[in-house]
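Asks: Next up, model_5.cif (mmCIF, C-alpha atoms).
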data_upload
#
loop_
_atom_site.label_atom_id
_atom_site.label_comp_id
_atom_site.auth_asym_id
_atom_site.auth_seq_id
_atom_site.Cartn_x
_atom_site.Cartn_y
_atom_site.Cartn_z
CA MET A 1 115.48 -48.43 79.81
CA SER A 2 113.46 -48.14 76.61
CA LYS A 3 112.23 -44.75 75.54
CA LYS A 4 108.65 -43.78 76.27
CA TYR A 5 106.58 -43.62 73.10
CA VAL A 6 104.30 -40.60 72.71
CA LEU A 7 101.86 -40.42 69.79
CA ILE A 8 100.74 -36.94 68.68
CA VAL A 9 97.56 -36.74 66.63
CA ASP A 10 96.72 -33.28 65.31
CA ASP A 11 95.78 -31.94 61.89
CA ASP A 12 98.08 -28.94 62.42
CA PRO A 13 101.34 -30.37 61.06
CA ASP A 14 103.40 -27.47 62.42
CA LEU A 15 102.18 -28.12 65.95
CA VAL A 16 103.00 -31.81 65.56
CA GLU A 17 106.46 -30.93 64.28
CA THR A 18 107.27 -28.36 66.98
CA VAL A 19 106.09 -30.53 69.86
CA SER A 20 107.70 -33.69 68.51
CA MET A 21 111.08 -31.95 68.20
CA MET A 22 110.84 -30.78 71.82
CA LEU A 23 109.83 -34.24 73.04
CA GLU A 24 112.59 -35.95 71.04
CA ASP A 25 115.08 -33.53 72.61
CA LYS A 26 113.86 -34.73 76.00
CA GLY A 27 114.46 -38.36 75.09
CA TYR A 28 111.00 -39.50 74.03
CA GLU A 29 110.20 -41.51 70.95
CA VAL A 30 107.48 -39.71 69.01
CA GLY A 31 104.88 -40.95 66.56
CA LYS A 32 102.93 -38.58 64.35
CA ALA A 33 99.46 -38.80 62.87
CA TYR A 34 97.42 -36.08 61.21
CA ASP A 35 93.78 -37.06 61.68
CA GLY A 36 91.66 -39.36 63.83
CA VAL A 37 91.67 -42.32 61.47
CA GLU A 38 95.42 -42.12 60.94
CA GLY A 39 95.81 -41.88 64.72
CA GLU A 40 93.64 -44.95 65.23
CA GLU A 41 95.77 -46.93 62.76
CA ALA A 42 98.98 -45.75 64.44
CA ILE A 43 97.66 -46.96 67.82
CA LYS A 44 96.84 -50.39 66.36
CA GLU A 45 100.34 -50.58 64.94
CA ARG A 46 102.05 -49.60 68.18
CA HIS A 47 100.54 -49.05 71.59
CA PRO A 48 101.64 -45.58 72.80
CA ASP A 49 102.63 -44.84 76.39
CA LEU A 50 100.78 -41.52 76.02
CA LEU A 51 98.48 -40.01 73.42
CA VAL A 52 98.27 -36.29 72.65
CA LEU A 53 95.01 -35.78 70.78
CA ASP A 54 93.55 -32.75 69.05
CA VAL A 55 89.77 -32.33 69.02
CA MET A 56 88.85 -30.81 65.66
CA MET A 57 90.22 -33.07 62.92
CA PRO A 58 88.98 -34.47 59.62
CA ARG A 59 87.62 -38.02 59.22
CA LYS A 60 87.36 -38.68 62.97
CA ASP A 61 87.55 -36.02 65.67
CA GLY A 62 89.46 -36.33 68.92
CA TYR A 63 86.38 -36.71 71.11
CA GLN A 64 85.17 -39.68 69.11
CA LEU A 65 88.57 -41.35 68.99
CA CYS A 66 89.13 -40.80 72.72
CA ALA A 67 85.71 -42.20 73.58
CA GLU A 68 86.35 -45.29 71.41
CA LEU A 69 89.75 -45.89 73.01
CA LYS A 70 88.33 -45.59 76.52
CA ALA A 71 85.54 -48.04 75.64
CA ASP A 72 87.98 -50.69 74.39
CA SER A 73 89.67 -52.87 77.01
CA ALA A 74 92.82 -53.08 74.87
CA THR A 75 93.32 -49.31 74.75
CA LYS A 76 91.44 -47.86 77.72
CA ASP A 77 94.61 -47.55 79.81
CA ILE A 78 96.42 -45.31 77.34
CA PRO A 79 96.62 -41.89 78.99
CA VAL A 80 95.18 -39.15 76.77
CA ILE A 81 95.87 -35.42 76.72
CA LEU A 82 93.11 -33.70 74.77
CA LEU A 83 93.88 -30.39 73.07
CA THR A 84 90.57 -28.56 73.13
CA ALA A 85 89.84 -25.57 70.91
CA VAL A 86 86.83 -24.51 72.91
CA GLY A 87 85.88 -21.61 75.12
CA GLU A 88 86.68 -17.96 74.62
CA ALA A 89 89.59 -18.47 72.21
CA VAL A 90 87.25 -19.95 69.61
CA PRO A 91 83.78 -18.69 70.48
CA THR A 92 82.20 -19.99 67.28
CA THR A 93 83.09 -23.64 67.75
CA SER A 94 80.34 -26.16 68.42
CA TYR A 95 82.68 -28.32 70.53
CA THR A 96 82.18 -28.01 74.29
CA HIS A 97 84.09 -28.88 77.44
CA ALA A 98 81.17 -31.09 78.49
CA GLN A 99 81.77 -33.27 75.42
CA GLY A 100 85.45 -33.42 76.31
CA MET A 101 84.80 -34.44 79.90
CA SER A 102 82.55 -37.28 78.73
CA THR A 103 85.43 -38.87 76.83
CA GLU A 104 87.31 -39.56 80.09
CA ALA A 105 90.61 -38.16 78.87
CA GLU A 106 93.23 -37.78 81.59
CA GLU A 107 94.06 -34.16 80.81
CA TYR A 108 92.52 -31.24 78.90
CA ILE A 109 94.62 -28.36 77.61
CA PRO A 110 92.86 -25.47 75.84
CA LYS A 111 94.23 -24.20 72.55
CA PRO A 112 96.17 -22.16 71.67
CA VAL A 113 98.63 -24.24 73.65
CA ASP A 114 102.21 -23.26 74.29
CA SER A 115 104.58 -26.03 73.20
CA LYS A 116 106.40 -25.87 76.53
CA THR A 117 103.13 -26.24 78.47
CA LEU A 118 102.30 -29.30 76.43
CA VAL A 119 105.74 -30.83 76.85
CA ASP A 120 105.53 -30.17 80.62
CA ALA A 121 102.15 -31.91 80.69
CA VAL A 122 103.65 -34.93 78.88
CA GLU A 123 106.56 -35.04 81.31
CA SER A 124 104.24 -34.91 84.31
CA PHE A 125 102.69 -38.23 83.22
CA PHE A 126 106.05 -39.97 83.45
CA ALA A 127 107.40 -38.18 86.52
CA MET B 1 97.08 -13.75 45.23
CA ALA B 2 98.59 -10.30 44.79
CA SER B 3 102.24 -9.41 44.45
CA SER B 4 104.06 -6.11 44.69
CA SER B 5 107.55 -4.78 44.06
CA PRO B 6 107.92 -1.68 46.19
CA GLY B 7 110.88 -0.04 44.52
CA ASP B 8 113.96 0.23 46.65
CA ASP B 9 112.53 -0.01 50.14
CA ASN B 10 111.72 -2.88 52.43
CA LEU B 11 108.61 -1.61 54.12
CA LEU B 12 106.73 -4.86 54.41
CA ALA B 13 105.00 -3.74 57.61
CA THR B 14 103.75 -0.36 56.48
CA GLY B 15 103.46 -1.07 52.78
CA VAL B 16 101.70 -4.39 52.70
CA CYS B 17 100.83 -5.85 56.09
CA SER B 18 99.52 -2.71 57.81
CA PRO B 19 96.64 -1.87 55.44
CA LEU B 20 95.58 -5.50 55.34
CA ALA B 21 95.63 -5.89 59.14
CA ARG B 22 93.82 -2.57 59.61
CA ASN B 23 91.03 -3.84 57.39
CA LYS B 24 90.95 -7.21 59.16
CA ILE B 25 91.89 -9.14 56.05
CA ASN B 26 93.23 -12.61 56.80
CA LEU B 27 96.26 -13.74 54.89
CA THR B 28 96.45 -17.42 54.06
CA PHE B 29 99.91 -17.19 52.55
CA LEU B 30 102.66 -14.55 52.52
CA ASN B 31 106.12 -14.50 50.99
CA HIS B 32 108.63 -11.68 50.97
CA ALA B 33 112.15 -11.55 49.53
CA PHE B 34 114.87 -9.23 48.37
CA LEU B 35 115.72 -9.01 44.71
CA ASP B 36 118.80 -7.66 42.98
CA GLN B 37 121.01 -7.95 46.06
CA GLY B 38 118.71 -5.77 48.12
CA ALA B 39 117.97 -3.11 45.50
CA SER B 40 114.29 -4.04 45.53
CA CYS B 41 111.97 -6.49 47.15
CA ILE B 42 108.92 -8.45 46.23
CA THR B 43 105.95 -9.61 48.28
CA ALA B 44 103.27 -12.14 47.40
CA PHE B 45 100.25 -12.86 49.53
CA CYS B 46 96.99 -14.77 49.36
CA THR B 47 93.62 -13.94 50.83
CA GLU B 48 90.22 -15.54 50.63
CA GLY B 49 89.05 -15.06 47.04
CA SER B 50 86.31 -12.64 48.04
CA ALA B 51 88.84 -10.28 49.66
CA GLY B 52 91.45 -10.38 46.90
CA ARG B 53 90.45 -7.29 44.94
CA ALA B 54 90.06 -5.17 48.08
CA ALA B 55 93.43 -6.36 49.40
CA ALA B 56 95.22 -5.56 46.15
CA SER B 57 93.61 -2.09 46.06
CA LEU B 58 94.66 -1.36 49.64
CA VAL B 59 98.28 -2.27 48.96
CA GLU B 60 98.25 -0.31 45.70
CA ALA B 61 96.82 2.75 47.46
CA GLN B 62 99.48 2.52 50.14
CA HIS B 63 102.33 2.48 47.61
CA GLY B 64 100.98 4.82 44.93
CA SER B 65 103.07 4.61 41.80
CA ALA B 66 106.12 3.29 43.68
CA ALA B 67 105.03 -0.31 43.37
CA THR B 68 103.47 -2.70 40.94
CA VAL B 69 100.58 -4.75 42.25
CA ASN B 70 99.31 -7.71 40.26
CA LEU B 71 96.22 -9.66 41.20
CA HIS B 72 96.10 -13.34 40.26
CA GLY B 73 92.62 -14.72 40.83
CA ASP B 74 91.60 -18.28 41.59
CA VAL B 75 94.72 -19.67 43.19
CA SER B 76 94.83 -22.77 45.38
CA ILE B 77 97.30 -23.61 48.15
CA LEU B 78 98.29 -27.27 48.37
CA SER B 79 100.57 -28.40 51.19
CA VAL B 80 102.51 -31.63 51.59
CA PHE B 81 103.94 -32.69 54.92
CA PRO B 82 106.07 -33.62 56.73
CA HIS B 83 109.22 -32.53 54.89
CA ASP B 84 111.62 -33.04 57.84
CA GLN B 85 113.84 -30.35 56.27
CA ARG B 86 114.69 -32.72 53.40
CA PRO B 87 115.36 -30.79 50.17
CA GLN B 88 114.04 -33.85 48.32
CA VAL B 89 110.46 -32.94 49.27
CA PRO B 90 110.31 -29.56 47.48
CA GLY B 91 112.62 -31.10 44.84
CA VAL B 92 110.21 -33.93 44.04
CA LEU B 93 107.29 -31.49 44.19
CA LEU B 94 108.95 -29.18 41.64
CA GLN B 95 109.80 -32.07 39.34
CA ALA B 96 106.24 -33.37 39.54
CA LEU B 97 104.82 -29.98 38.55
CA ALA B 98 107.38 -29.57 35.77
CA ARG B 99 106.58 -33.03 34.37
CA LYS B 100 102.90 -32.11 34.01
CA GLU B 101 103.71 -28.52 32.90
CA ILE B 102 101.73 -27.12 35.80
CA THR B 103 102.60 -23.48 36.48
CA LEU B 104 103.92 -22.86 39.97
CA GLN B 105 102.74 -19.46 41.16
CA GLY B 106 104.47 -19.56 44.52
CA MET B 107 105.87 -21.87 47.16
CA ALA B 108 106.63 -21.62 50.89
CA SER B 109 107.74 -23.88 53.67
CA SER B 110 106.68 -24.04 57.28
CA PRO B 111 108.51 -26.17 59.85
CA SER B 112 106.47 -29.17 58.73
CA ALA B 113 105.04 -28.48 55.29
CA VAL B 114 105.83 -27.30 51.79
CA SER B 115 102.98 -25.36 50.20
CA ALA B 116 102.58 -24.82 46.48
CA LEU B 117 100.39 -22.19 44.85
CA VAL B 118 98.76 -23.25 41.62
CA SER B 119 95.84 -22.04 39.57
CA THR B 120 92.55 -23.43 40.86
CA ALA B 121 91.95 -24.79 37.38
CA GLU B 122 95.07 -26.93 37.81
CA THR B 123 94.33 -28.07 41.37
CA GLU B 124 92.98 -31.47 40.43
CA ALA B 125 95.89 -32.18 38.11
CA THR B 126 98.28 -31.06 40.86
CA ILE B 127 96.73 -33.39 43.42
CA ASP B 128 96.93 -36.25 40.93
CA THR B 129 100.59 -35.57 40.24
CA PHE B 130 101.37 -35.30 43.96
CA PHE B 131 99.86 -38.75 44.43
CA GLU B 132 102.12 -40.03 41.66
CA ALA B 133 105.21 -38.41 43.19
CA PHE B 134 104.64 -39.02 46.91
CA THR B 135 103.25 -41.76 49.12
CA PHE B 136 100.67 -40.59 51.65
CA PRO B 137 100.21 -43.25 54.34
CA ALA B 138 96.70 -42.07 55.21
CA TYR B 139 95.38 -41.85 51.66
CA ARG B 140 95.85 -44.38 48.91
CA SER B 141 94.39 -42.23 46.16
CA PRO B 142 93.18 -38.70 45.42
CA SER B 143 89.60 -39.89 45.97
CA ASP B 144 90.49 -41.01 49.53
CA TRP B 145 91.90 -37.55 50.15
CA TYR B 146 88.88 -35.73 48.72
CA GLY B 147 86.66 -37.90 50.91
CA ALA B 148 88.60 -37.00 54.05
CA TYR B 149 88.48 -33.29 53.42
CA GLU B 150 84.84 -33.11 52.45
CA GLY B 151 83.28 -30.71 54.94
CA LYS B 152 86.67 -29.66 56.31
CA GLU B 153 86.45 -26.29 54.56
CA HIS B 154 83.28 -25.54 56.48
CA LEU B 155 85.00 -26.49 59.72
CA LEU B 156 87.91 -24.17 58.99
CA LYS B 157 85.66 -21.28 58.03
CA LYS B 158 83.88 -21.59 61.34
CA ILE B 159 87.01 -20.69 63.28
CA ILE B 160 88.61 -18.17 60.91
CA ALA B 161 89.16 -14.76 62.51
CA SER B 162 87.95 -16.00 65.85
CA TYR B 163 91.24 -15.37 67.65
CA GLN B 164 90.73 -11.77 68.70
CA GLU B 165 93.08 -11.19 71.64
CA LYS B 166 94.65 -7.74 71.78
CA VAL B 167 98.07 -9.32 72.18
CA ILE B 168 98.30 -12.21 69.75
CA ARG B 169 98.81 -15.52 71.48
CA ILE B 170 101.18 -17.90 69.77
CA TYR B 171 102.39 -21.42 70.45
CA ASP B 172 106.11 -20.89 70.26
CA ILE B 173 109.11 -19.03 68.86
CA VAL B 174 111.88 -21.31 67.60
CA GLN B 175 115.26 -20.08 66.37
CA GLN B 176 117.88 -21.68 64.14
CA SER B 177 121.29 -20.21 63.34
CA ASP B 178 124.38 -21.15 61.28
CA LEU B 179 122.55 -20.89 57.98
CA ASP B 180 123.21 -19.35 54.57
CA LEU B 181 120.42 -17.83 52.48
CA TRP B 182 120.61 -18.71 48.81
CA SER B 183 118.61 -17.08 46.03
CA LEU B 184 118.15 -17.39 42.32
CA THR B 185 115.64 -16.56 39.62
CA VAL B 186 114.34 -19.30 37.36
CA ALA B 187 111.93 -19.70 34.48
CA GLN B 188 109.02 -22.10 34.81
CA SER B 189 110.85 -24.32 32.32
CA ASP B 190 113.76 -24.61 34.81
CA LEU B 191 111.66 -25.96 37.69
CA GLY B 192 112.49 -29.58 36.88
CA ASP B 193 116.22 -28.80 36.98
CA LEU B 194 115.82 -26.85 40.20
CA GLY B 195 114.01 -29.87 41.64
CA ALA B 196 116.86 -32.14 40.52
CA ALA B 197 119.41 -29.86 42.24
CA LEU B 198 117.45 -29.97 45.50
CA ILE B 199 117.16 -33.76 45.31
CA THR B 200 120.93 -34.02 44.80
CA LEU B 201 121.54 -31.81 47.85
CA GLY B 202 119.18 -33.99 49.86
CA GLN B 203 121.03 -37.14 48.86
CA SER B 204 124.06 -35.76 50.68
CA GLU B 205 121.96 -35.48 53.87
CA MET B 206 121.88 -31.67 53.68
CA ARG B 207 118.95 -30.10 55.53
CA MET B 208 116.90 -27.23 54.08
CA PRO B 209 114.71 -25.62 56.76
CA PHE B 210 113.35 -22.79 54.61
CA VAL B 211 112.29 -22.32 51.01
CA ILE B 212 110.10 -19.77 49.26
CA ALA B 213 109.30 -18.98 45.63
CA LEU B 214 107.37 -15.99 44.41
CA PRO B 215 106.48 -14.41 41.10
CA SER B 216 109.20 -12.24 39.66
CA LEU B 217 109.56 -10.23 36.46
CA GLU B 218 108.99 -11.74 33.01
CA ASN B 219 106.99 -14.69 34.30
CA ARG B 220 109.93 -16.01 36.27
CA LEU B 221 110.10 -17.19 39.86
CA SER B 222 112.35 -15.75 42.53
CA VAL B 223 113.46 -18.63 44.76
CA SER B 224 115.19 -18.33 48.14
CA PHE B 225 116.19 -21.12 50.49
CA CYS B 226 118.37 -21.73 53.53
CA LEU B 227 121.03 -24.39 53.84
CA PRO B 228 123.67 -25.00 56.52
CA GLU B 229 126.60 -22.60 56.40
CA GLY B 230 130.00 -23.87 55.32
CA GLU B 231 128.64 -25.89 52.39
CA GLU B 232 129.06 -23.25 49.68
CA PRO B 233 131.49 -25.13 47.38
CA GLN B 234 129.30 -28.25 47.28
CA ILE B 235 126.11 -26.25 46.76
CA ARG B 236 127.63 -24.24 43.91
CA GLU B 237 128.88 -27.42 42.28
CA VAL B 238 125.43 -29.04 42.46
CA PHE B 239 123.71 -26.00 40.98
CA SER B 240 126.30 -25.53 38.26
CA SER B 241 125.65 -29.08 37.10
CA HIS B 242 121.84 -28.69 37.05
CA LEU B 243 121.33 -24.97 36.32
CA ALA B 244 124.59 -23.93 34.71
CA ASN B 245 123.42 -20.58 33.37
CA THR B 246 121.63 -19.36 36.49
CA ALA B 247 123.21 -16.85 38.85
CA LEU B 248 123.20 -18.15 42.40
CA ARG B 249 123.60 -15.62 45.21
CA CYS B 250 124.54 -16.45 48.77
CA HIS B 251 123.88 -14.32 51.84
CA SER B 252 125.96 -15.89 54.57
CA GLN B 253 125.51 -15.89 58.34
CA VAL B 254 121.76 -15.74 58.55
CA ALA B 255 119.34 -17.13 61.11
CA ALA B 256 115.75 -18.36 60.93
CA LEU B 257 112.97 -17.56 63.35
CA TYR B 258 109.79 -19.58 63.30
CA ILE B 259 106.65 -18.26 64.95
CA HIS B 260 104.18 -21.03 65.32
CA GLY B 261 100.41 -20.75 65.64
CA PRO B 262 97.58 -20.09 65.74
CA HIS B 263 96.88 -21.21 62.19
CA PHE B 264 98.40 -18.46 60.09
CA GLY B 265 95.23 -17.92 58.10
CA ASP B 266 92.99 -17.78 61.17
CA ARG B 267 94.09 -14.46 62.54
CA TYR B 268 94.60 -11.22 60.64
CA GLY B 269 97.56 -9.10 61.71
CA ILE B 270 100.07 -11.78 62.75
CA ALA B 271 102.47 -10.99 59.91
CA HIS B 272 101.96 -7.29 60.51
CA ALA B 273 102.86 -7.65 64.19
CA LEU B 274 106.05 -9.51 63.28
CA ALA B 275 107.14 -7.16 60.48
CA LYS B 276 106.33 -4.03 62.49
CA ALA B 277 108.22 -5.29 65.55
CA LEU B 278 111.33 -6.10 63.52
CA GLU B 279 111.22 -2.88 61.49
CA SER B 280 110.87 -0.81 64.67
CA LYS B 281 114.19 -2.24 65.86
CA GLY B 282 115.87 -1.70 62.50
CA ILE B 283 116.06 -5.44 61.84
CA TYR B 284 115.87 -6.26 58.15
CA LEU B 285 113.81 -9.19 57.03
CA LEU B 286 115.94 -10.85 54.38
CA ALA B 287 113.12 -13.24 53.53
CA LEU B 288 109.78 -14.26 54.97
CA GLY B 289 107.55 -17.22 54.31
CA CYS B 290 104.18 -17.74 55.96
CA THR B 291 102.04 -20.80 55.42
CA VAL B 292 100.10 -23.43 57.39
CA SER B 293 100.51 -22.36 61.07
CA SER B 294 103.87 -20.66 60.97
CA LEU B 295 105.75 -17.55 60.00
CA SER B 296 109.36 -18.23 59.01
CA ALA B 297 111.57 -15.14 59.08
CA ILE B 298 115.15 -15.00 57.83
CA ILE B 299 117.34 -12.30 59.34
CA LYS B 300 121.03 -11.59 59.72
CA GLU B 301 122.49 -13.81 62.42
CA VAL B 302 123.89 -10.78 64.21
CA ASP B 303 120.29 -9.56 64.72
CA LEU B 304 119.02 -12.83 66.19
CA ALA B 305 119.13 -12.00 69.90
CA ALA B 306 117.45 -8.61 69.40
CA ALA B 307 114.82 -10.13 67.12
CA VAL B 308 113.91 -12.84 69.62
CA GLN B 309 113.70 -10.26 72.39
CA THR B 310 111.39 -7.96 70.45
CA LEU B 311 109.17 -10.81 69.23
CA GLU B 312 108.85 -12.20 72.75
CA ALA B 313 107.66 -8.75 73.80
CA THR B 314 105.27 -8.53 70.83
CA PHE B 315 103.49 -11.86 71.12
CA GLN B 316 102.11 -13.69 74.12
CA ARG B 317 103.03 -17.30 74.48
CA SER B 318 100.05 -18.93 76.11
CA GLY B 319 100.85 -20.55 79.41
CA ARG B 320 103.77 -18.20 80.10
#
Any chance you could give the structure as structure tokens?

Replies:
Amino acid sequence: MSKKYVLIVDDDPDLVETVSMMLEDKGYEVGKAYDGVEGEEAIKERHPDLLVLDVMMPRKDGYQLCAELKADSATKDIPVILLTAVGEAVPTTSYTHAQGMSTEAEEYIPKPVDSKTLVDAVESFFA
Amino acid sequence: MASSSPGDDNLLATGVCSPLARNKINLTFLNHAFLDQGASCITAFCTEGSAGRAAASLVEAQHGSAATVNLHGDVSILSVFPHDQRPQVPGVLLQALARKEITLQGMASSPSAVSALVSTAETEATIDTFFEAFTFPAYRSPSDWYGAYEGKEHLLKKIIASYQEKVIRIYDIVQQSDLDLWSLTVAQSDLGDLGAALITLGQSEMRMPFVIALPSLENRLSVSFCLPEGEEPQIREVFSSHLANTALRCHSQVAALYIHGPHFGDRYGIAHALAKALESKGIYLLALGCTVSSLSAIIKEVDLAAAVQTLEATFQRSGR
């Protein structure tokens, strides 16, 4: 059976690295991208089985990318886990949960997110 | 950036981190290393420019005449990633800076990135030389990169210091053992040769999970890095061919601990919490590098289990 391909898009390279190492240990193939535009190009290059998407990123944020993917028939079925830096952890942010909900992502995990929680969330999609 | 050499002690927590955390000063970069086989140590840290003078004064006041504190204004941090633990990445970076005679004021690695400190006046030249030395899939040219990051600074400033939990929440603690810690002191004019040595090590598939460089005496740089244990003969041979007249010291049987997130510069007191926790258990930090979203601590391997236990009690991993 071929490995499931998970694409992580986050402008925090250390988070991408930590999570990708954990996912690779669990047998996943992992793609990495560091902003919304790079993520979009990576998706065009190879259709992921699951997308882990940060919200606040340069060039194109996660909400916009998620909304675009869900509006496109070619990509709307890609499951998306949104990492949202909203709420009490970051009270000064202008991003809101309401915006996140409108993107129709499959899962929302607030930051700061524990790597294990995120890996568990990824695994639950393929259980 | 300020640096200090607090005589013969190793009080990173009380001497440097405590006064900065107490005054809610965010650190965007922090390096700490032993010199002279443990006889003294040196610390270098960066703050927002507006807090630099106050930070240097606080550290100076804490140490009195026991330490030297130097303030270097207008420094930029530039990070390249991912390095995938390949020594070639810092090696190529060092060679690129040496080729353009750009002064390296400090360097640190995180699990994903290698960060270089250069004078703000040399930032543009550094970015240009990085684009000559590396390929960045997302950006074809420096102007692409500038375009992407326009406005990003404002975004980052909006969230700085907004993580205010009493117990600091982190993403993860990752440990790595079976390492040796190597250290040497080099002149700026040796950086190209140091880069060549690292590239040679990388060509033999050796992995380097940790590297720091910080200002030392007489305008030199103190450089420390970790490589897998059991490779000492090969490593000494490589360095003797590239840096024949440089003393290379090896501290064997060390381990690395990486504390990841939130973004290191977003929350004052993270480094203080780590250093205080380890010091309270009598665990010596052999070296410390903090940049991007991670703190990388090098300790004796024999202390690893106790260090993990005390750090797990110090920080809260969200979701657990």

Asks: Taking the file as I've supplied it (selection: the PyMOL selection byres ((chain A) within 6 of (chain B))), which residues are included? Please answer as a short mmCIF file (atom, residue, chain, number, x, y, z; two decimals) with C-alpha atoms, in the coordinates of the input.

Replies:
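See expr-v3.cif below for the written result:
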data_model
loop_
_atom_site.label_atom_id
_atom_site.label_comp_id
_atom_site.auth_asym_id
_atom_site.auth_seq_id
_atom_site.Cartn_x
_atom_site.Cartn_y
_atom_site.Cartn_z
CA PRO A 13 101.34 -30.37 61.06
CA ASP A 14 103.40 -27.47 62.42
CA GLU A 17 106.46 -30.93 64.28
CA GLU A 38 95.42 -42.12 60.94
CA ARG A 59 87.62 -38.02 59.22
CA ALA A 89 89.59 -18.47 72.21
CA VAL A 90 87.25 -19.95 69.61
CA VAL A 113 98.63 -24.24 73.65
CA ASP A 114 102.21 -23.26 74.29
CA SER A 115 104.58 -26.03 73.20
#

Asks: Hey, can you check how far CA of Leu97 in chain B sits from CA of Val118 in chain B?

Replies: 9.6 Å

Asks: Can you tell me which residues surround Ser119 in chain B at a distance of at most 7 Å, considering all atoms listed in the file, apart from same-chain residues fewer than 6 positions away, and format the answer as number ranges by chain?

Replies: B: 74-76

Asks: Compile the contact shell of Lys111 in chain A as a PyMOL selection string: residues with an atom at most 7 Å away, counting only C-alpha atoms, same-chain residues fewer than 2 positions apart removed.

Replies: chain A and resi 83-85+109+113

Asks: Figure out the distance between CA of Glu60 in chain B and CA of Lys300 in chain B, please, to one decimal in Å.

Replies: 29.0 Å
